[in-house]
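Listing of target_23.pdb; format and content: PDB, C-alpha atoms.
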```pdb
ATOM      1  CA  MET A 152      97.456 108.797  94.205  1.00  0.00           C
ATOM      2  CA  ALA A 153      96.362 111.016  97.067  1.00  0.00           C
ATOM      3  CA  LEU A 154      93.864 109.200  99.247  1.00  0.00           C
ATOM      4  CA  ASN A 155      91.946 111.038 101.962  1.00  0.00           C
ATOM      5  CA  MET A 156      91.994 108.005 104.234  1.00  0.00           C
ATOM      6  CA  LYS A 157      94.696 106.939 106.716  1.00  0.00           C
ATOM      7  CA  PRO A 158      94.764 103.355 108.012  1.00  0.00           C
ATOM      8  CA  LEU A 159      95.639 102.713 111.650  1.00  0.00           C
ATOM      9  CA  ALA A 160      98.601 100.806 113.129  1.00  0.00           C
ATOM     10  CA  ASP A 161     100.031  98.129 110.782  1.00  0.00           C
ATOM     11  CA  ARG A 162      97.285  98.274 108.178  1.00  0.00           C
ATOM     12  CA  VAL A 163      97.762  99.297 104.543  1.00  0.00           C
ATOM     13  CA  ILE A 164      95.345 100.233 101.767  1.00  0.00           C
ATOM     14  CA  ILE A 165      95.974  98.575  98.413  1.00  0.00           C
ATOM     15  CA  GLU A 166      94.535  99.338  95.006  1.00  0.00           C
ATOM     16  CA  PRO A 167      94.209  95.916  93.320  1.00  0.00           C
ATOM     17  CA  ALA A 168      95.543  95.474  89.798  1.00  0.00           C
ATOM     18  CA  ALA A 169      92.980  94.962  87.062  1.00  0.00           C
ATOM     19  CA  ALA A 170      91.915  91.375  86.407  1.00  0.00           C
ATOM     20  CA  GLU A 171      93.400  89.730  83.328  1.00  0.00           C
ATOM     21  CA  THR A 172      91.033  89.848  80.352  1.00  0.00           C
ATOM     22  CA  GLN A 173      93.147  87.734  78.001  1.00  0.00           C
ATOM     23  CA  THR A 174      95.617  84.888  78.400  1.00  0.00           C
ATOM     24  CA  ALA A 175      99.186  85.004  77.101  1.00  0.00           C
ATOM     25  CA  SER A 176      98.106  82.926  74.107  1.00  0.00           C
ATOM     26  CA  GLY A 177      95.308  85.375  73.225  1.00  0.00           C
ATOM     27  CA  ILE A 178      92.249  83.573  74.596  1.00  0.00           C
ATOM     28  CA  ILE A 179      89.707  86.046  75.979  1.00  0.00           C
ATOM     29  CA  ILE A 180      88.590  85.260  79.525  1.00  0.00           C
ATOM     30  CA  PRO A 181      84.838  85.723  80.170  1.00  0.00           C
ATOM     31  CA  ASP A 182      83.724  87.756  83.206  1.00  0.00           C
ATOM     32  CA  THR A 183      82.486  84.639  85.005  1.00  0.00           C
ATOM     33  CA  ALA A 184      85.902  82.960  84.841  1.00  0.00           C
ATOM     34  CA  LYS A 185      88.086  85.919  85.877  1.00  0.00           C
ATOM     35  CA  GLU A 186      90.095  85.400  89.024  1.00  0.00           C
ATOM     36  CA  LYS A 187      90.523  87.959  91.761  1.00  0.00           C
ATOM     37  CA  PRO A 188      93.921  89.677  91.327  1.00  0.00           C
ATOM     38  CA  GLN A 189      96.600  88.977  93.936  1.00  0.00           C
ATOM     39  CA  LYS A 190      98.754  91.961  93.065  1.00  0.00           C
ATOM     40  CA  GLY A 191      98.266  95.639  93.746  1.00  0.00           C
ATOM     41  CA  THR A 192      99.779  98.995  94.619  1.00  0.00           C
ATOM     42  CA  VAL A 193     100.012 100.402  98.151  1.00  0.00           C
ATOM     43  CA  VAL A 194      98.186 103.761  98.260  1.00  0.00           C
ATOM     44  CA  ALA A 195      98.227 104.456 102.024  1.00  0.00           C
ATOM     45  CA  THR A 196      99.931 103.073 105.122  1.00  0.00           C
ATOM     46  CA  GLY A 197      99.476 103.333 108.856  1.00  0.00           C
ATOM     47  CA  ASN A 198     102.251 104.261 111.287  1.00  0.00           C
ATOM     48  CA  GLY A 199     103.124 100.679 112.230  1.00  0.00           C
ATOM     49  CA  LYS A 200     103.131  99.109 115.678  1.00  0.00           C
ATOM     50  CA  LYS A 201     105.131 100.508 118.582  1.00  0.00           C
ATOM     51  CA  ASP A 202     108.093  98.131 118.181  1.00  0.00           C
ATOM     52  CA  GLU A 203     107.564  97.171 114.515  1.00  0.00           C
ATOM     53  CA  PRO A 204     107.786  99.855 111.805  1.00  0.00           C
ATOM     54  CA  LEU A 205     106.194  99.110 108.434  1.00  0.00           C
ATOM     55  CA  THR A 206     108.409  97.758 105.659  1.00  0.00           C
ATOM     56  CA  VAL A 207     106.082  98.698 102.783  1.00  0.00           C
ATOM     57  CA  LYS A 208     105.637 102.262 101.604  1.00  0.00           C
ATOM     58  CA  VAL A 209     103.213 104.112  99.350  1.00  0.00           C
ATOM     59  CA  GLY A 210     103.790 103.232  95.700  1.00  0.00           C
ATOM     60  CA  ASP A 211     105.132  99.704  96.311  1.00  0.00           C
ATOM     61  CA  THR A 212     103.675  96.932  94.146  1.00  0.00           C
ATOM     62  CA  VAL A 213     102.904  93.954  96.368  1.00  0.00           C
ATOM     63  CA  LEU A 214     101.643  90.361  96.240  1.00  0.00           C
ATOM     64  CA  TYR A 215      99.049  89.284  98.787  1.00  0.00           C
ATOM     65  CA  GLY A 216      96.894  86.263  99.584  1.00  0.00           C
ATOM     66  CA  LYS A 217      93.848  85.417  97.482  1.00  0.00           C
ATOM     67  CA  TYR A 218      91.400  85.972 100.352  1.00  0.00           C
ATOM     68  CA  ALA A 219      93.442  88.552 102.295  1.00  0.00           C
ATOM     69  CA  GLY A 220      92.043  91.877 103.401  1.00  0.00           C
ATOM     70  CA  THR A 221      88.676  93.536 103.410  1.00  0.00           C
ATOM     71  CA  GLU A 222      87.231  94.998 100.238  1.00  0.00           C
ATOM     72  CA  LEU A 223      85.984  98.571 100.361  1.00  0.00           C
ATOM     73  CA  LYS A 224      84.750 101.125  97.873  1.00  0.00           C
ATOM     74  CA  PHE A 225      85.853 104.727  98.436  1.00  0.00           C
ATOM     75  CA  GLU A 226      85.101 107.622  96.077  1.00  0.00           C
ATOM     76  CA  GLY A 227      84.061 105.189  93.332  1.00  0.00           C
ATOM     77  CA  LYS A 228      87.225 103.046  93.411  1.00  0.00           C
ATOM     78  CA  ASP A 229      87.789  99.578  94.833  1.00  0.00           C
ATOM     79  CA  TYR A 230      90.455  99.090  97.498  1.00  0.00           C
ATOM     80  CA  LEU A 231      91.613  96.425  99.932  1.00  0.00           C
ATOM     81  CA  ILE A 232      92.578  97.178 103.504  1.00  0.00           C
ATOM     82  CA  MET A 233      94.763  94.582 105.223  1.00  0.00           C
ATOM     83  CA  ARG A 234      97.460  94.087 107.814  1.00  0.00           C
ATOM     84  CA  GLU A 235     101.036  94.212 106.608  1.00  0.00           C
ATOM     85  CA  GLU A 236     101.498  90.581 107.676  1.00  0.00           C
ATOM     86  CA  ASP A 237      99.024  89.543 104.929  1.00  0.00           C
ATOM     87  CA  ILE A 238     101.434  90.850 102.266  1.00  0.00           C
ATOM     88  CA  PHE A 239     103.743  88.158 100.871  1.00  0.00           C
ATOM     89  CA  ALA A 240     106.229  90.157  98.792  1.00  0.00           C
ATOM     90  CA  ILE A 241     107.190  93.535  97.375  1.00  0.00           C
ATOM     91  CA  ILE A 242     107.867  93.348  93.632  1.00  0.00           C
TER
END
```

Written as structure tokens, how would this file's structure read?
Amino acid sequence: MALNMKPLADRVIIEPAAAETQTASGIIIPDTAKEKPQKGTVVATGNGKKDEPLTVKVGDTVLYGKYAGTELKFEGKDYLIMREEDIFAII
């Protein structure tokens, strides 16, 4: 997952997981009812702040807020860029 983009300070770039297309019971979810995923993989990190190093690293799977981050499209893929404080957990 080499990405030719480096975020600054305490920001991270996340590749969101694909939206669920089917429920656990087998019901197919139409495109209009799909929810934005709240889980993704860290693909790039900044250097952290002067007194606060980053706790996430490239390759970590993380949970983040529903409306966290800024969406961007780079080389045909969708990514989110957000501050580390917007990440809730590493799973």

Nearest-residue call for A:Asp182, choices A:Ile241, A:Ala170, A:Val213, A:Leu154, using all atoms listed in the file
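Closest to A:Asp182 of all the choices is A:Ala170.
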
With distances taken over all atoms listed in the file, which of A:Thr212, A:Thr174, A:Thr183, A:Thr196 is nearest to A:Ile232?
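Nearest candidate to A:Ile232 out of A:Thr212, A:Thr174, A:Thr183, A:Thr196: A:Thr196.
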
With only C-alpha atoms as the basis for distance, which of A:Ala168, A:Glu236, A:Ala219, A:Glu186 is at the shortest distance from A:Glu203?
A:Glu236

Using all atoms listed in the file, which of A:Ala175, A:Leu214, A:Met233, A:Ala160 sits nearest A:Gly199?
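Looking at the shortest contact to A:Gly199, the residue is A:Ala160.
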
One decimal, in Å: what's the spacing between atom CA of A:Leu205 and atom CA of A:Leu223?
21.8 Å

Quick one: stretch 196-208 of chain A with N, CA and C atoms, as an mmCIF file, keeping the file's coordinate frame?
```cif
data_model
loop_
_atom_site.group_PDB
_atom_site.id
_atom_site.type_symbol
_atom_site.label_atom_id
_atom_site.label_comp_id
_atom_site.auth_asym_id
_atom_site.auth_seq_id
_atom_site.Cartn_x
_atom_site.Cartn_y
_atom_site.Cartn_z
ATOM 1 N N THR A 196 99.435 103.943 104.058
ATOM 2 C CA THR A 196 99.931 103.073 105.122
ATOM 3 C C THR A 196 99.666 103.709 106.476
ATOM 4 N N GLY A 197 99.578 102.856 107.488
ATOM 5 C CA GLY A 197 99.476 103.333 108.856
ATOM 6 C C GLY A 197 100.864 103.672 109.376
ATOM 7 N N ASN A 198 100.964 103.902 110.682
ATOM 8 C CA ASN A 198 102.251 104.261 111.287
ATOM 9 C C ASN A 198 103.040 103.053 111.765
ATOM 10 N N GLY A 199 102.460 101.876 111.731
ATOM 11 C CA GLY A 199 103.124 100.679 112.230
ATOM 12 C C GLY A 199 102.828 100.494 113.711
ATOM 13 N N LYS A 200 103.296 99.380 114.252
ATOM 14 C CA LYS A 200 103.131 99.109 115.678
ATOM 15 C C LYS A 200 104.271 99.772 116.443
ATOM 16 N N LYS A 201 104.158 99.821 117.737
ATOM 17 C CA LYS A 201 105.131 100.508 118.582
ATOM 18 C C LYS A 201 106.560 100.008 118.347
ATOM 19 N N ASP A 202 106.757 98.707 118.333
ATOM 20 C CA ASP A 202 108.093 98.131 118.181
ATOM 21 C C ASP A 202 108.374 97.596 116.786
ATOM 22 N N GLU A 203 107.409 97.721 115.853
ATOM 23 C CA GLU A 203 107.564 97.171 114.515
ATOM 24 C C GLU A 203 107.171 98.202 113.455
ATOM 25 N N PRO A 204 108.130 98.919 112.878
ATOM 26 C CA PRO A 204 107.786 99.855 111.805
ATOM 27 C C PRO A 204 107.388 99.091 110.539
ATOM 28 N N LEU A 205 106.622 99.738 109.687
ATOM 29 C CA LEU A 205 106.194 99.110 108.434
ATOM 30 C C LEU A 205 107.356 99.010 107.458
ATOM 31 N N THR A 206 107.369 97.939 106.671
ATOM 32 C CA THR A 206 108.409 97.758 105.659
ATOM 33 C C THR A 206 107.927 98.167 104.272
ATOM 34 N N VAL A 207 106.607 98.252 104.077
ATOM 35 C CA VAL A 207 106.082 98.698 102.783
ATOM 36 C C VAL A 207 105.844 100.198 102.837
ATOM 37 N N LYS A 208 105.891 100.826 101.665
ATOM 38 C CA LYS A 208 105.637 102.262 101.604
ATOM 39 C C LYS A 208 104.692 102.545 100.434
#
```
